[in-house]
Amino acid sequence: MSTLRPQLTLTEGSITLEIYGGYREIGGNCIVIKDRDKKIVFDNGIRFQVLRKYYRGSIRPLGINELRSIGAIPPLNVFENIDALYISHFHLDHLGLLGALPPGTRVYVPSISILETIEEWYRASSTWLAELPRKLHIEVIELIPHREDERGVTPIPVSHSAYPSYALVYNGYDKTIFYSGDFRVSGPLGPRINTTDNIDRVLGSGSADIALLEGTNIGGIETPIGSEEFRSILNKVLMGSGLAMISIDPLDFELLTAISELASLNGRTVVISSSRLVDILPQWLSSAFNANNLMLAVASDLEKPSLAPVDYVSLKHDVLKDPGGFLLVQEPIGFLEMLRRMRIWGEELPNGAIAILTTPEPLEAEAEVEEKTLAYWLYMLGVHVYRIRLSGHYYPHELKNILNTVKPKKLIPIHTRHPSLVLKLANSR
Ligand SMILES: [Zn+2]
C-alpha cells in the first residue's frame with residue numbers, strides 16, 4: 001500500500017501538523033496533529049474532487065483499497081498509533097468512510113444516535129457508500145460541548161448546515177490549535193446558536209497559535225443568500241395560499257427548525273413527507289433548539305410509523321383538499337417521487353403549487369438528484385420553483401469578526417480553493 005505524503009507539513013514548537021486533505025481544495029478534510037507522545041486526527045473526509053476525476057457513470061470504485069490508492073480517502077499511515085480521531089460534523093467530506101478505518105480506532109463524533117441513523121441509511125447502499133458505516137470494531141464516543149477531554153481537545157458548537165457541528169481546539173504542550181471544521185457566523189436561528197460567542201467562551205482572552213480556518217465562500221463567484229434573506233423569501237412564499245413543498249437535507253436541523261417555525265406562524269402545518277426525515281424526527285425534536293409550539297405532522301401515506309409523538313396527515317385526503325394549510329417537507333431525493341404519486345392519485349396538482357429547492361452545498365455531498373430531469377417533471381406538473389441556497393459557511397466580510405475572536409498567530413486556510421485570497425483578506429485588517 002502506497003503511503004501518500006501530506007499536502008502540507010508544518011512544525012511549530014513540539015507540534016507537527018500534517019494536512020492530508022482539504023488544502024487548496026474544498027472538502028476531504030484530514031489533519032494530523034503530532035505533539036510529543038500524542039497523535040490525534042481531525043476529520044476523515046472523502047475528497048470528492050478526486051472522486052469526480054476518476055469515476056463517472058459506469059466507472060465506479062472497486063472498493064476501499066482503490067479509493068485509498070488514488071487518494072480519495074486518507075492513507076492508512078494517518079491512523080497508525082493514533083490516540084483518537086475527531087469528527088467535526090457529519091458531512092461526508094469530514095466524516096468519511098468509517099468502514100475503512102483500522103480496527104480499534106477511537107472515534108469522537110458529534111452525536112452517536114444521529115450517526116447510527118446515518119449508518120442505517122447507507123448500510124443498504126448498492127454503491128461504495130456502503131463503506132460509510134462501521135464494520136470492524138471501532139470505538140465511538142460522543143463529543144461533549146465546551147469540555148476539554150484528556151487529550152486537550154475542546155469541542156465548540158458552531159452553526160452549520162449539518163447538526164451538530166463543532167469547531168475543535170487542541171490545547172497542546174506548548175501550542176494551541178484552532179480547527180474550524182465548517183461553520184458560519186450567523187445561521188437561520190440567529191443568536192440561538194452563536195458561533196463567535198461559543199468560540200470566545202473557550203478561547204477567552206487567550207488566542208490560538210495556529211488556526212486552520214475554512215474559507216469555502218472566499219473566491220466563489222456566486223454568493224449564496226444569507227439567513228435573513230432566506231427567511232424573508234420563505235415567509236413571502238408561505239403567506240400565499242397555494243400548495244407549498246420544500247426540500248431539505250435531513251441533517252440540517254437549524255434550517256428544519258427555522259422553516260417549521262415560519263410555516264407555523266403562517267398557519268401551515270408542517271408535514272414530514274419523506275422517510276429519512278421521519279427517521280431523524282426524534283433527534284431533531286430533542287435537539288437544542290426548543291422546536292416547540294410547532295404545527296407538525298407526518299404524512300400517513302408514507303406508511304412509516306414515527307418514533308416521535310406527532311399527528312398524521314394524509315397527503316391525498318387532507319393536503320390536496322386544503323393546500324394552503326400545509327407545508328410539505330421533503331428530502332431532495334424523494335421530492336419528485338412524492339409529486340408523481342400525488343398525480344397518479346387522479347388529481348391534478350392544485351394550480352400555483354410551489355416547490356422550494358434548498359440546494360445543498362456544492363462538493364459536500366453526492367449529487368443524488370438529476371437536476372435537469374427534475375426540472376422537466378416540475379414544469380410538466382405545473383409546479384413553480386424557487387431555488388434557494390442558504391450557505392453553511394461564513395461570508396468574506398465576516399472573516400474579520402472571526403479573526404478578532406480566534407486571534408491566531410498563524411493562519412492556515414483550508415477547505416478553500418483560494419488560500420492566498422483568504423490570507424490577503426485576513427491581512428487587510
Ligand atoms: Zn460541512
# chains A, B, ... in the order shown; residues from 1 in each chain; ligands from 1
call {"tool": "closest_atom_pairs", "arguments": {"of": "chain A", "to": "ligand 1", "cutoff": "12 Å", "atoms": "only C-alpha atoms and all ligand atoms", "output": "Markdown table"}}
result
| residue | atom | partner | partner_atom_place_in_ligand_line | distance |
| --- | --- | --- | --- | --- |
| A:Gly22 | CA | ligand 1 | 1 (Zn) | 11.9 |
| A:Ile26 | CA | ligand 1 | 1 (Zn) | 9.9 |
| A:Gly27 | CA | ligand 1 | 1 (Zn) | 8.0 |
| A:Gly28 | CA | ligand 1 | 1 (Zn) | 10.2 |
| A:Asn29 | CA | ligand 1 | 1 (Zn) | 10.0 |
| A:Asp43 | CA | ligand 1 | 1 (Zn) | 11.1 |
| A:Gly45 | CA | ligand 1 | 1 (Zn) | 10.2 |
| A:Ile46 | CA | ligand 1 | 1 (Zn) | 11.7 |
| A:Ile87 | CA | ligand 1 | 1 (Zn) | 11.0 |
| A:Ser88 | CA | ligand 1 | 1 (Zn) | 8.7 |
| A:His89 | CA | ligand 1 | 1 (Zn) | 6.7 |
| A:Phe90 | CA | ligand 1 | 1 (Zn) | 7.3 |
| A:His91 | CA | ligand 1 | 1 (Zn) | 5.0 |
| A:Leu92 | CA | ligand 1 | 1 (Zn) | 7.9 |
| A:Asp93 | CA | ligand 1 | 1 (Zn) | 7.1 |
| A:His94 | CA | ligand 1 | 1 (Zn) | 7.1 |
| A:Leu95 | CA | ligand 1 | 1 (Zn) | 9.4 |
| A:Gly96 | CA | ligand 1 | 1 (Zn) | 11.7 |
| A:Val158 | CA | ligand 1 | 1 (Zn) | 11.1 |
| A:Ser159 | CA | ligand 1 | 1 (Zn) | 10.2 |
| A:His160 | CA | ligand 1 | 1 (Zn) | 6.8 |
| A:Ser161 | CA | ligand 1 | 1 (Zn) | 6.5 |
| A:Ala162 | CA | ligand 1 | 1 (Zn) | 6.5 |
| A:Tyr163 | CA | ligand 1 | 1 (Zn) | 9.7 |
| A:Pro164 | CA | ligand 1 | 1 (Zn) | 10.5 |
| A:Ser165 | CA | ligand 1 | 1 (Zn) | 8.2 |
| A:Tyr166 | CA | ligand 1 | 1 (Zn) | 10.2 |
| A:Ala167 | CA | ligand 1 | 1 (Zn) | 11.3 |
| A:Ser180 | CA | ligand 1 | 1 (Zn) | 10.5 |
| A:Gly181 | CA | ligand 1 | 1 (Zn) | 7.3 |
| A:Asp182 | CA | ligand 1 | 1 (Zn) | 5.0 |
| A:Phe183 | CA | ligand 1 | 1 (Zn) | 7.4 |
| A:Arg184 | CA | ligand 1 | 1 (Zn) | 10.1 |
| A:Glu214 | CA | ligand 1 | 1 (Zn) | 10.0 |
| A:Gly215 | CA | ligand 1 | 1 (Zn) | 11.7 |
| A:Thr216 | CA | ligand 1 | 1 (Zn) | 9.7 |
| A:Asp249 | CA | ligand 1 | 1 (Zn) | 11.9 |
| A:Leu251 | CA | ligand 1 | 1 (Zn) | 10.5 |
| A:Asp252 | CA | ligand 1 | 1 (Zn) | 10.2 |
| A:Pro360 | CA | ligand 1 | 1 (Zn) | 10.0 |
| A:Glu361 | CA | ligand 1 | 1 (Zn) | 8.0 |
| A:Pro362 | CA | ligand 1 | 1 (Zn) | 10.2 |
| A:Leu363 | CA | ligand 1 | 1 (Zn) | 9.6 |
| A:Glu364 | CA | ligand 1 | 1 (Zn) | 6.4 |
| A:Ala365 | CA | ligand 1 | 1 (Zn) | 8.9 |
| A:Ser391 | CA | ligand 1 | 1 (Zn) | 10.1 |
| A:Gly392 | CA | ligand 1 | 1 (Zn) | 7.1 |
| A:His393 | CA | ligand 1 | 1 (Zn) | 8.2 |
| A:Tyr394 | CA | ligand 1 | 1 (Zn) | 11.7 |
| A:His415 | CA | ligand 1 | 1 (Zn) | 9.6 |
call {"tool": "residues_around", "arguments": {"residues": "A:Arg134", "least_positions_apart": "3", "cutoff": "7 Å", "atoms": "only C-alpha atoms", "output": "JSON, numbers by chain"}}
result
{"A": [98, 99, 138]}
call {"tool": "write_last_selection", "arguments": {"atoms": "C-alpha atoms", "output": "CSV table (one decimal), in the first residue's frame"}}
result
chain,number,residue,atom,x,y,z
A,98,LEU,CA,-15.9,4.6,8.9
A,99,GLY,CA,-15.8,1.1,7.3
A,138,ILE,CA,-14.5,0.9,16.1
call {"tool": "residues_around", "arguments": {"residues": "A:Thr117", "least_positions_apart": "6", "cutoff": "12 Å", "atoms": "only C-alpha atoms", "output": "MDAnalysis selection string"}}
result
chainID A and resid 90 111 123 132:133 250:251 275:284
call {"tool": "write_last_selection", "arguments": {"atoms": "N, CA and C atoms", "output": "compact mmCIF listing (two decimals), in the first residue's frame"}}
result
# COMPACT_ATOMS: atom_id res chain seq x y z
N PHE A 90 -21.17 15.73 10.30
CA PHE A 90 -21.47 14.52 9.53
C PHE A 90 -21.55 14.71 8.02
N SER A 111 -22.67 13.19 17.49
CA SER A 111 -23.85 12.57 18.10
C SER A 111 -23.88 11.09 17.74
N ARG A 123 -26.10 1.65 5.00
CA ARG A 123 -25.76 0.23 5.07
C ARG A 123 -26.31 -0.52 3.87
N LEU A 132 -19.60 3.46 4.45
CA LEU A 132 -19.70 4.52 5.45
C LEU A 132 -19.90 3.97 6.87
N PRO A 133 -20.78 2.99 7.08
CA PRO A 133 -20.98 2.50 8.45
C PRO A 133 -19.77 1.75 8.98
N PRO A 250 -31.84 16.13 5.49
CA PRO A 250 -32.32 15.68 6.80
C PRO A 250 -31.39 16.05 7.96
N LEU A 251 -30.12 16.33 7.70
CA LEU A 251 -29.21 16.66 8.80
C LEU A 251 -29.22 18.15 9.14
N SER A 275 -39.06 9.56 4.12
CA SER A 275 -38.64 8.51 5.04
C SER A 275 -37.48 8.91 5.96
N ARG A 276 -36.42 9.50 5.37
CA ARG A 276 -35.26 9.85 6.21
C ARG A 276 -35.61 10.94 7.22
N LEU A 277 -36.50 11.83 6.84
CA LEU A 277 -36.91 12.88 7.79
C LEU A 277 -37.71 12.28 8.95
N VAL A 278 -38.49 11.23 8.66
CA VAL A 278 -39.20 10.54 9.74
C VAL A 278 -38.19 9.85 10.66
N ASP A 279 -37.17 9.23 10.07
CA ASP A 279 -36.12 8.56 10.87
C ASP A 279 -35.45 9.52 11.85
N ILE A 280 -35.22 10.75 11.39
CA ILE A 280 -34.40 11.69 12.16
C ILE A 280 -35.26 12.57 13.08
N LEU A 281 -36.59 12.43 12.97
CA LEU A 281 -37.52 13.28 13.72
C LEU A 281 -37.27 13.29 15.24
N PRO A 282 -37.09 12.12 15.89
CA PRO A 282 -36.87 12.15 17.35
C PRO A 282 -35.62 12.95 17.73
N GLN A 283 -34.53 12.78 16.96
CA GLN A 283 -33.30 13.52 17.28
C GLN A 283 -33.47 15.01 17.04
N TRP A 284 -34.19 15.34 15.95
CA TRP A 284 -34.42 16.76 15.67
C TRP A 284 -35.24 17.39 16.81
call {"tool": "select_by_dssp", "arguments": {"residues": "stretch 31-211 of chain A", "states": "helix (DSSP H, G or I)", "output": "JSON, numbers by chain"}}
result
{"A": [48, 49, 50, 51, 52, 53, 54, 64, 65, 66, 67, 68, 69, 76, 77, 78, 79, 92, 93, 94, 95, 98, 99, 100, 112, 113, 114, 115, 116, 117, 118, 119, 120, 121, 122, 123, 128, 129, 130, 131, 190, 191, 192, 195, 196, 197, 198, 199, 200, 201, 202, 203]}
call {"tool": "write_last_selection", "arguments": {"atoms": "N, CA and C atoms", "output": "short mmCIF file (atom, residue, chain, number, x, y, z; two decimals), in the first residue's frame"}}
result
data_model
loop_
_atom_site.label_atom_id
_atom_site.label_comp_id
_atom_site.auth_asym_id
_atom_site.auth_seq_id
_atom_site.Cartn_x
_atom_site.Cartn_y
_atom_site.Cartn_z
N PHE A 48 -14.11 14.60 -2.64
CA PHE A 48 -14.99 14.50 -3.80
C PHE A 48 -14.32 14.98 -5.08
N GLN A 49 -13.39 15.91 -4.93
CA GLN A 49 -12.65 16.42 -6.09
C GLN A 49 -11.90 15.27 -6.80
N VAL A 50 -11.32 14.37 -6.01
CA VAL A 50 -10.60 13.22 -6.56
C VAL A 50 -11.59 12.20 -7.13
N LEU A 51 -12.66 11.96 -6.38
CA LEU A 51 -13.67 11.00 -6.85
C LEU A 51 -14.20 11.36 -8.22
N ARG A 52 -14.48 12.67 -8.41
CA ARG A 52 -15.07 13.12 -9.67
C ARG A 52 -14.11 12.94 -10.83
N LYS A 53 -12.81 12.98 -10.50
CA LYS A 53 -11.81 12.85 -11.55
C LYS A 53 -11.77 11.42 -12.09
N TYR A 54 -11.86 10.44 -11.19
CA TYR A 54 -11.63 9.06 -11.59
C TYR A 54 -12.90 8.26 -11.88
N ILE A 64 -12.47 -0.06 -0.98
CA ILE A 64 -11.69 0.82 -0.11
C ILE A 64 -10.23 0.93 -0.55
N ASN A 65 -9.62 -0.20 -0.93
CA ASN A 65 -8.21 -0.17 -1.30
C ASN A 65 -7.95 0.75 -2.49
N GLU A 66 -8.85 0.68 -3.46
CA GLU A 66 -8.68 1.54 -4.63
C GLU A 66 -8.90 3.01 -4.26
N LEU A 67 -9.95 3.28 -3.47
CA LEU A 67 -10.23 4.67 -3.06
C LEU A 67 -9.03 5.25 -2.33
N ARG A 68 -8.38 4.39 -1.51
CA ARG A 68 -7.22 4.85 -0.75
C ARG A 68 -6.03 5.08 -1.68
N SER A 69 -5.85 4.19 -2.64
CA SER A 69 -4.67 4.27 -3.51
C SER A 69 -4.71 5.51 -4.42
N LEU A 76 -3.54 5.00 5.11
CA LEU A 76 -3.57 4.25 6.38
C LEU A 76 -2.59 4.78 7.42
N ASN A 77 -1.45 5.34 6.97
CA ASN A 77 -0.45 5.80 7.95
C ASN A 77 -0.97 6.94 8.83
N VAL A 78 -2.05 7.62 8.37
CA VAL A 78 -2.68 8.66 9.18
C VAL A 78 -3.15 8.06 10.51
N PHE A 79 -3.62 6.82 10.47
CA PHE A 79 -4.26 6.22 11.65
C PHE A 79 -3.32 5.34 12.47
N LEU A 92 -20.07 14.27 4.42
CA LEU A 92 -19.17 13.18 4.03
C LEU A 92 -17.73 13.63 3.77
N ASP A 93 -17.55 14.90 3.46
CA ASP A 93 -16.18 15.38 3.25
C ASP A 93 -15.46 15.64 4.58
N HIS A 94 -16.11 15.28 5.68
CA HIS A 94 -15.49 15.35 7.01
C HIS A 94 -15.59 14.01 7.74
N LEU A 95 -16.77 13.39 7.66
CA LEU A 95 -17.00 12.10 8.33
C LEU A 95 -16.26 10.97 7.63
N LEU A 98 -16.30 5.21 7.69
CA LEU A 98 -15.87 4.58 8.95
C LEU A 98 -15.52 3.11 8.70
N GLY A 99 -16.08 2.53 7.65
CA GLY A 99 -15.79 1.14 7.30
C GLY A 99 -14.35 0.96 6.83
N ALA A 100 -13.65 2.06 6.53
CA ALA A 100 -12.28 1.96 6.04
C ALA A 100 -11.25 2.19 7.15
N ILE A 112 -23.96 10.22 18.75
CA ILE A 112 -23.97 8.78 18.46
C ILE A 112 -25.30 8.38 17.83
N SER A 113 -26.41 8.91 18.34
CA SER A 113 -27.70 8.45 17.81
C SER A 113 -27.92 8.94 16.37
N ILE A 114 -27.44 10.14 16.05
CA ILE A 114 -27.57 10.59 14.65
C ILE A 114 -26.64 9.76 13.76
N LEU A 115 -25.44 9.45 14.26
CA LEU A 115 -24.54 8.60 13.47
C LEU A 115 -25.20 7.25 13.17
N GLU A 116 -25.83 6.66 14.18
CA GLU A 116 -26.46 5.34 13.97
C GLU A 116 -27.57 5.42 12.91
N THR A 117 -28.30 6.53 12.91
CA THR A 117 -29.35 6.72 11.90
C THR A 117 -28.73 6.83 10.49
N ILE A 118 -27.66 7.61 10.39
CA ILE A 118 -26.99 7.76 9.08
C ILE A 118 -26.46 6.41 8.62
N GLU A 119 -25.86 5.65 9.55
CA GLU A 119 -25.31 4.34 9.18
C GLU A 119 -26.40 3.43 8.61
N GLU A 120 -27.60 3.48 9.21
CA GLU A 120 -28.73 2.70 8.68
C GLU A 120 -29.03 3.08 7.24
N TRP A 121 -29.00 4.39 6.95
CA TRP A 121 -29.31 4.85 5.59
C TRP A 121 -28.33 4.29 4.56
N TYR A 122 -27.07 4.23 4.94
CA TYR A 122 -26.05 3.87 3.95
C TYR A 122 -25.74 2.37 3.92
N ARG A 123 -26.10 1.65 5.00
CA ARG A 123 -25.76 0.23 5.07
C ARG A 123 -26.31 -0.52 3.87
N TRP A 128 -20.30 2.23 -3.25
CA TRP A 128 -19.19 2.27 -2.31
C TRP A 128 -19.58 2.96 -1.00
N LEU A 129 -20.69 3.72 -1.00
CA LEU A 129 -21.12 4.41 0.22
C LEU A 129 -21.57 3.42 1.30
N ALA A 130 -21.72 2.15 0.90
CA ALA A 130 -22.00 1.11 1.91
C ALA A 130 -20.81 0.96 2.86
N GLU A 131 -19.66 1.56 2.52
CA GLU A 131 -18.49 1.53 3.42
C GLU A 131 -18.55 2.63 4.47
N GLY A 190 -30.45 32.53 14.07
CA GLY A 190 -29.89 33.73 14.69
C GLY A 190 -29.09 33.40 15.94
N PRO A 191 -29.32 34.17 17.03
CA PRO A 191 -28.47 34.03 18.22
C PRO A 191 -28.68 32.71 18.98
N ARG A 192 -29.64 31.88 18.57
CA ARG A 192 -29.84 30.62 19.31
C ARG A 192 -28.64 29.69 19.18
N THR A 195 -21.98 31.26 17.05
CA THR A 195 -20.66 30.71 16.79
C THR A 195 -19.55 31.50 17.50
N THR A 196 -19.53 32.81 17.30
CA THR A 196 -18.39 33.58 17.84
C THR A 196 -18.43 33.63 19.38
N ASP A 197 -19.63 33.72 19.97
CA ASP A 197 -19.73 33.67 21.44
C ASP A 197 -19.19 32.34 21.97
N ASN A 198 -19.53 31.26 21.27
CA ASN A 198 -19.09 29.94 21.72
C ASN A 198 -17.56 29.79 21.61
N ILE A 199 -16.99 30.35 20.55
CA ILE A 199 -15.52 30.30 20.41
C ILE A 199 -14.89 31.11 21.54
N ASP A 200 -15.47 32.28 21.77
CA ASP A 200 -14.97 33.17 22.80
C ASP A 200 -15.00 32.51 24.19
N ARG A 201 -16.05 31.73 24.42
CA ARG A 201 -16.20 31.05 25.71
C ARG A 201 -15.05 30.08 25.97
N VAL A 202 -14.50 29.48 24.90
CA VAL A 202 -13.40 28.52 25.06
C VAL A 202 -12.04 29.22 25.03
N LEU A 203 -11.86 30.12 24.06
CA LEU A 203 -10.55 30.76 23.95
C LEU A 203 -10.40 31.93 24.93
#
call {"tool": "closest_residue", "arguments": {"among": "A:Asn266, A:Thr127, A:Thr405, A:Thr358", "to": "A:Gly240", "atoms": "only C-alpha atoms"}}
result
A:Asn266
call {"tool": "select_by_dssp", "arguments": {"residues": "stretch 69-120 of chain A", "states": "strand (DSSP E or B)", "output": "VMD selection string"}}
result
chain A and resid 84 to 86 106 to 109
call {"tool": "residues_around", "arguments": {"residues": "A:Pro396", "least_positions_apart": "4", "cutoff": "8 Å", "atoms": "only C-alpha atoms", "output": "MDAnalysis selection string"}}
result
chainID A and resid 217:218 425
call {"tool": "atom_distance", "arguments": {"atom1": "atom CA of A:Gly325", "atom2": "atom CA of A:Arg268"}}
result
4.5 Å
call {"tool": "atom_distance", "arguments": {"atom1": "atom CA of A:Leu411", "atom2": "atom CA of A:Ala208"}}
result
9.4 Å
call {"tool": "residues_around", "arguments": {"residues": "stretch 150-155 of chain A", "least_positions_apart": "2", "cutoff": "10 Å", "atoms": "only C-alpha atoms", "output": "number ranges by chain"}}
result
A: 38-40, 83-84, 86, 88, 110, 143-148, 157-158, 165-173, 176-179, 198-199, 202-203
call {"tool": "atom_distance", "arguments": {"atom1": "atom CA of A:Ala263", "atom2": "atom CA of A:Tyr376"}}
result
27.3 Å
call {"tool": "closest_residue", "arguments": {"among": "A:Gly187, A:Gly204, A:Pro224, A:Pro102", "to": "A:Ala258", "atoms": "only C-alpha atoms"}}
result
A:Gly187
